[in-house]
Amino acid sequence: MATTNKGKLAIITGASTGIGYELAKCCAEGVFDLLIAADEPEIYQAADDFKKYDVEVAAVEADLATIEGVDKLYAATRGRAVDALLANAGRGLGGAFLDQSFDDVRHIIDTNITGTIYLAQKVGADMRERGQGRILFTGSIAGFTPGTFNAVYNGTKAFIDSFSFALRNELKDSGVTVTCLMPGATDTEFFERAGMEDTNIGQSKKDDPVDVARAGFEAMMSGEGDVVSGWKNKVLSAAALITPSDVLAEQHRKKAEPGSANK
């Protein structure tokens with residue numbers, strides 16, 4: 001793998017921490033050059049970490065919920081061909097939808113969907129023209145479940161899960177592969193940032209982002225359509241396909257209702 005990837009470029013979004021950081025590490029270990037991005041200055045520390053690998057590393061701090069932020073990242077390629085796009089940037093927002101600030105709601109939608117598919121369209125068009133490339137979306141098994149008290153996030157992940165398969169089919173004869181990584185609850189800063197630390201799911205045992213990222217990277221390199229990381233998540237996702245939506249919504253309430261960890 002290392003020999004074939006030498007000199008190839010991978011873009012990884014949301015790479016300052018968590019799954020995105022570990023995906024970038026996988027790419028560096030696979031000898032991809034890195035262009036990493038996040039909406040926080042910690043992205044520069046991440047870039048320093050990856051410079052120990054024998055690859056080129058560049059970092060961009062940009063709000064990928066905006067067209068301008070995505071354009072800034074795309075411009076940072078300086079016209080260089082992108083061989084792998086790992087579209088991982090995402091945010092969550094816990095609590096009751098009607099109590100949330102719509103500015104916060106809009107930011108979740110624009111980060112998880114709008115910016116993600118805008119970047120995928122720009123980079124994917126270049127890949128299709130060249131007849132080669134790999135795209136990995138970080139979806140979620142949350143996309144299978146109505147997300148009571150996390151309604152917007154689960155809805156955005158349902159979109160990404162669906163979108164990735166549609167795009168994969170559109171590109172099936174193009175030389176460009178599309179893979180969707182669908183993790184479950186993972187031990188990252190997600191739940192703290194989403195204000196869900198006092199929920200059952202926020203307090204539960206979670207998957208290791210190292211394992212999640214490795215599963216996603218390997219699936220991308222193999223050209224697989226999707227990967228659900230972890231056996232427990234495979235069971236949950238399979239069960240969700242045959243469980244009525246109102247039952248799933250009630251189950252999610254018990255996991256994500258504010259204060260549920262104290263009940």
# chains A, B, ... in the order shown; residues from 1 in each chain; ligands from 1
$ residues_around --residues "Phe137 of chain A" --least-positions-apart "5" --cutoff "12 Å" --atoms "only C-alpha atoms" --output "PyMOL selection string"
chain A and resi 11-14+19-20+23+84-90+112-113+116-117+119-120+157+159-165+167-168+177-183+213+216-217+219-220+224-227
$ write_last_selection --atoms "N, CA and C atoms" --output "compact mmCIF listing (two decimals), in the first residue's frame"
# COMPACT_ATOMS: atom_id res chain seq x y z
N ILE A 11 -7.46 14.46 1.31
CA ILE A 11 -8.09 15.52 2.11
C ILE A 11 -8.90 14.85 3.21
N ILE A 12 -8.70 15.29 4.44
CA ILE A 12 -9.47 14.78 5.57
C ILE A 12 -10.07 15.96 6.31
N THR A 13 -11.38 16.00 6.44
CA THR A 13 -12.04 17.10 7.15
C THR A 13 -12.41 16.66 8.57
N GLY A 14 -12.51 17.65 9.45
CA GLY A 14 -12.77 17.33 10.85
C GLY A 14 -11.63 16.53 11.46
N ILE A 19 -12.43 10.76 15.28
CA ILE A 19 -12.35 9.86 14.13
C ILE A 19 -11.56 10.50 12.99
N GLY A 20 -11.77 11.80 12.76
CA GLY A 20 -11.06 12.47 11.67
C GLY A 20 -9.56 12.47 11.86
N LEU A 23 -8.43 9.01 11.09
CA LEU A 23 -8.44 8.77 9.65
C LEU A 23 -7.22 9.40 8.98
N ALA A 84 -7.87 10.94 -2.56
CA ALA A 84 -8.83 10.44 -1.57
C ALA A 84 -9.44 11.62 -0.82
N LEU A 85 -10.75 11.63 -0.72
CA LEU A 85 -11.47 12.61 0.08
C LEU A 85 -12.15 11.88 1.21
N LEU A 86 -11.77 12.22 2.43
CA LEU A 86 -12.39 11.63 3.61
C LEU A 86 -13.21 12.72 4.28
N ALA A 87 -14.49 12.77 3.93
CA ALA A 87 -15.39 13.83 4.37
C ALA A 87 -15.98 13.45 5.72
N ASN A 88 -15.30 13.89 6.76
CA ASN A 88 -15.62 13.45 8.11
C ASN A 88 -16.20 14.54 9.00
N ALA A 89 -16.04 15.80 8.63
CA ALA A 89 -16.47 16.90 9.50
C ALA A 89 -17.94 16.77 9.86
N GLY A 90 -18.25 16.91 11.13
CA GLY A 90 -19.64 16.81 11.57
C GLY A 90 -19.82 17.33 12.98
N ASN A 112 -22.87 19.22 8.47
CA ASN A 112 -23.00 17.79 8.19
C ASN A 112 -23.45 17.49 6.77
N ILE A 113 -24.22 18.41 6.18
CA ILE A 113 -24.75 18.15 4.84
C ILE A 113 -24.21 19.13 3.80
N THR A 116 -20.44 19.38 3.34
CA THR A 116 -19.92 18.06 2.98
C THR A 116 -20.19 17.74 1.51
N ILE A 117 -21.41 17.95 1.06
CA ILE A 117 -21.71 17.57 -0.33
C ILE A 117 -21.18 18.60 -1.32
N LEU A 119 -18.23 20.10 -0.98
CA LEU A 119 -16.85 19.66 -1.16
C LEU A 119 -16.79 18.39 -2.00
N ALA A 120 -17.71 17.46 -1.74
CA ALA A 120 -17.72 16.22 -2.51
C ALA A 120 -17.99 16.47 -3.99
N LYS A 157 -27.50 12.54 9.34
CA LYS A 157 -26.76 11.30 9.06
C LYS A 157 -27.58 10.36 8.18
N PHE A 159 -29.39 11.44 5.83
CA PHE A 159 -29.12 12.02 4.52
C PHE A 159 -27.79 11.52 3.97
N ILE A 160 -26.74 11.61 4.78
CA ILE A 160 -25.41 11.22 4.32
C ILE A 160 -25.35 9.74 3.98
N ASP A 161 -25.95 8.90 4.83
CA ASP A 161 -25.96 7.46 4.53
C ASP A 161 -26.61 7.21 3.18
N SER A 162 -27.76 7.83 2.94
CA SER A 162 -28.49 7.65 1.68
C SER A 162 -27.72 8.25 0.51
N PHE A 163 -27.25 9.47 0.69
CA PHE A 163 -26.54 10.18 -0.38
C PHE A 163 -25.33 9.41 -0.86
N SER A 164 -24.59 8.81 0.07
CA SER A 164 -23.36 8.12 -0.31
C SER A 164 -23.65 6.95 -1.24
N PHE A 165 -24.74 6.22 -0.96
CA PHE A 165 -25.07 5.09 -1.83
C PHE A 165 -25.55 5.55 -3.20
N LEU A 167 -24.63 8.37 -4.73
CA LEU A 167 -23.46 8.84 -5.46
C LEU A 167 -22.60 7.67 -5.92
N ARG A 168 -22.48 6.67 -5.05
CA ARG A 168 -21.70 5.49 -5.43
C ARG A 168 -22.26 4.87 -6.70
N THR A 177 -14.59 5.45 -6.41
CA THR A 177 -15.36 4.67 -5.44
C THR A 177 -15.88 5.57 -4.34
N VAL A 178 -17.04 5.20 -3.79
CA VAL A 178 -17.66 5.94 -2.68
C VAL A 178 -17.96 4.94 -1.57
N THR A 179 -17.51 5.26 -0.38
CA THR A 179 -17.68 4.40 0.79
C THR A 179 -18.31 5.20 1.91
N CYS A 180 -19.20 4.58 2.66
CA CYS A 180 -19.81 5.23 3.82
C CYS A 180 -19.41 4.49 5.09
N LEU A 181 -18.72 5.19 5.97
CA LEU A 181 -18.37 4.66 7.29
C LEU A 181 -19.52 4.99 8.23
N MET A 182 -20.07 3.95 8.87
CA MET A 182 -21.23 4.16 9.74
C MET A 182 -20.91 3.66 11.15
N PRO A 183 -20.27 4.49 11.95
CA PRO A 183 -19.97 4.09 13.33
C PRO A 183 -21.17 4.26 14.24
N ALA A 213 -11.79 4.35 12.76
CA ALA A 213 -11.09 4.93 11.62
C ALA A 213 -10.41 3.86 10.77
N GLY A 216 -12.92 2.20 8.59
CA GLY A 216 -13.33 3.07 7.49
C GLY A 216 -12.26 3.19 6.43
N PHE A 217 -11.02 3.35 6.85
CA PHE A 217 -9.91 3.50 5.90
C PHE A 217 -9.75 2.24 5.06
N ALA A 219 -11.99 -0.03 4.43
CA ALA A 219 -13.13 -0.18 3.52
C ALA A 219 -12.97 0.74 2.31
N MET A 220 -12.52 1.98 2.55
CA MET A 220 -12.29 2.92 1.45
C MET A 220 -11.25 2.37 0.48
N GLU A 224 -15.17 -0.69 -0.83
CA GLU A 224 -16.45 -1.19 -0.34
C GLU A 224 -17.49 -0.06 -0.29
N GLY A 225 -18.77 -0.44 -0.35
CA GLY A 225 -19.83 0.54 -0.33
C GLY A 225 -20.08 1.12 1.05
N ASP A 226 -19.97 0.27 2.06
CA ASP A 226 -20.22 0.75 3.41
C ASP A 226 -19.54 -0.15 4.42
N VAL A 227 -19.35 0.38 5.62
CA VAL A 227 -18.84 -0.43 6.71
C VAL A 227 -19.47 0.08 8.01
$ residues_around --residues "Ile36 of chain A" --least-positions-apart "4" --cutoff "10 Å" --atoms "only C-alpha atoms" --output "PyMOL selection string"
chain A and resi 10-16+20-21+24+43-44+46-47+57-61+73+76+86
$ closest_residue --among "A:Ile67, A:Leu34, A:Ala166, A:Ala249" --to "Ala142 of chain A" --atoms "only C-alpha atoms"
A:Ala249
$ select_by_dssp --residues "segment 13-140 of chain A" --states "strand (DSSP E)" --output "CSV table (one decimal) with N, CA and C atoms, in the first residue's frame"
chain,number,residue,atom,x,y,z
A,13,THR,N,-11.4,16.0,6.4
A,13,THR,CA,-12.0,17.1,7.2
A,13,THR,C,-12.4,16.7,8.6
A,33,ASP,N,0.1,12.0,1.1
A,33,ASP,CA,0.2,13.4,1.6
A,33,ASP,C,-1.1,13.9,2.1
A,34,LEU,N,-1.0,14.8,3.1
A,34,LEU,CA,-2.3,15.2,3.8
A,34,LEU,C,-2.6,16.6,3.6
A,35,LEU,N,-3.9,16.9,3.3
A,35,LEU,CA,-4.4,18.3,3.5
A,35,LEU,C,-5.6,18.1,4.5
A,36,ILE,N,-5.4,18.6,5.7
A,36,ILE,CA,-6.4,18.4,6.7
A,36,ILE,C,-7.0,19.7,7.1
A,37,ALA,N,-8.3,19.6,7.5
A,37,ALA,CA,-9.1,20.8,7.8
A,37,ALA,C,-9.9,20.6,9.0
A,38,ALA,N,-10.2,21.7,9.7
A,38,ALA,CA,-11.2,21.7,10.8
A,38,ALA,C,-11.5,23.2,11.1
A,57,VAL,N,2.4,17.6,4.7
A,57,VAL,CA,1.2,17.9,5.5
A,57,VAL,C,0.9,19.3,5.4
A,58,ALA,N,-0.3,19.7,5.1
A,58,ALA,CA,-0.8,21.1,5.1
A,58,ALA,C,-2.1,21.1,5.9
A,59,ALA,N,-2.4,22.2,6.6
A,59,ALA,CA,-3.6,22.3,7.4
A,59,ALA,C,-4.3,23.6,7.0
A,60,VAL,N,-5.6,23.5,7.1
A,60,VAL,CA,-6.5,24.7,6.8
A,60,VAL,C,-7.5,24.8,8.0
A,61,GLU,N,-7.5,26.0,8.6
A,61,GLU,CA,-8.6,26.2,9.5
A,61,GLU,C,-9.7,27.0,8.8
A,84,ALA,N,-7.9,10.9,-2.6
A,84,ALA,CA,-8.8,10.4,-1.6
A,84,ALA,C,-9.4,11.6,-0.8
A,85,LEU,N,-10.7,11.6,-0.7
A,85,LEU,CA,-11.5,12.6,0.1
A,85,LEU,C,-12.2,11.9,1.2
A,86,LEU,N,-11.8,12.2,2.4
A,86,LEU,CA,-12.4,11.6,3.6
A,86,LEU,C,-13.2,12.7,4.3
A,87,ALA,N,-14.5,12.8,3.9
A,87,ALA,CA,-15.4,13.8,4.4
A,87,ALA,C,-16.0,13.5,5.7
A,133,GLY,N,-10.2,7.8,-8.1
A,133,GLY,CA,-10.3,8.5,-6.8
A,133,GLY,C,-11.2,7.7,-5.8
A,134,ARG,N,-11.0,8.1,-4.6
A,134,ARG,CA,-11.8,7.4,-3.5
A,134,ARG,C,-12.4,8.5,-2.6
A,135,ILE,N,-13.7,8.3,-2.3
A,135,ILE,CA,-14.4,9.2,-1.4
A,135,ILE,C,-14.9,8.4,-0.2
A,136,LEU,N,-14.7,8.8,1.0
A,136,LEU,CA,-15.2,8.2,2.2
A,136,LEU,C,-16.0,9.3,2.9
A,137,PHE,N,-17.3,9.0,3.1
A,137,PHE,CA,-18.2,9.8,4.0
A,137,PHE,C,-18.3,9.2,5.4
A,138,THR,N,-18.2,10.0,6.4
A,138,THR,CA,-18.5,9.5,7.7
A,138,THR,C,-20.0,9.7,8.0
$ select_by_dssp --residues "segment 42-91 of chain A" --states "alpha helix (DSSP H)" --output "list in words"
Glu42, Ile43, Tyr44, Gln45, Ala46, Ala47, Asp48, Asp49, Phe50, Ile67, Glu68, Gly69, Val70, Asp71, Lys72, Leu73, Tyr74 and Ala75 of chain A
$ residues_around --residues "Asn150 of chain A" --least-positions-apart "6" --cutoff "7 Å" --atoms "only C-alpha atoms" --output "list in words"
Leu93, Gly94, Gly95 and Ala256 of chain A
$ write_last_selection --atoms "N, CA and C atoms" --output "short mmCIF file (atom, residue, chain, number, x, y, z; two decimals), in the first residue's frame"
data_model
loop_
_atom_site.label_atom_id
_atom_site.label_comp_id
_atom_site.auth_asym_id
_atom_site.auth_seq_id
_atom_site.Cartn_x
_atom_site.Cartn_y
_atom_site.Cartn_z
N LEU A 93 -26.05 17.98 18.13
CA LEU A 93 -26.78 18.95 18.94
C LEU A 93 -27.87 18.21 19.70
N GLY A 94 -27.66 18.06 21.02
CA GLY A 94 -28.62 17.36 21.84
C GLY A 94 -29.73 18.26 22.34
N GLY A 95 -30.76 17.65 22.92
CA GLY A 95 -31.88 18.41 23.48
C GLY A 95 -33.09 18.41 22.59
N ALA A 256 -31.14 9.33 24.91
CA ALA A 256 -30.68 10.69 24.62
C ALA A 256 -31.43 11.80 25.34
#
$ closest_atom_pairs --of "segment 128-221 of chain A" --to "segment 237-241 of chain A" --cutoff "7 Å" --atoms "only C-alpha atoms" --output "tab-separated table"
residue	atom	partner	partner_atom	distance
A:Ile141	CA	A:Ser237	CA	6.0
A:Phe144	CA	A:Ala240	CA	6.2
A:Thr145	CA	A:Ala240	CA	6.7
$ atom_distance --atom1 "atom CA of Asp63 of chain A" --atom2 "atom CA of Phe149 of chain A"
25.1 Å
$ closest_residue --among "A:Ile242, A:Leu236, A:Val212, A:Val105" --to "Gly155 of chain A" --atoms "only C-alpha atoms"
A:Val105
$ atom_distance --atom1 "atom CA of Gln100 of chain A" --atom2 "atom CA of Ala151 of chain A"
10.9 Å
$ closest_residue --among "A:Gly92, A:Gly184, A:Gly115, A:Gly7" --to "Val70 of chain A" --atoms "only C-alpha atoms"
A:Gly115
$ closest_residue --among "A:Gly195, A:Glu250, A:Ala125, A:Asp104" --to "Gly175 of chain A" --atoms "only C-alpha atoms"
A:Ala125
$ closest_residue --among "A:Ser229, A:Gln45, A:Asn200, A:Ser222" --to "Gly139 of chain A" --atoms "only C-alpha atoms"
A:Ser229
$ closest_residue --among "A:Ser260, A:Gln121, A:Thr114, A:Thr243" --to "Gly202 of chain A" --atoms "only C-alpha atoms"
A:Ser260
$ atom_distance --atom1 "atom CA of Lys254 of chain A" --atom2 "atom CA of Arg106 of chain A"
25.4 Å
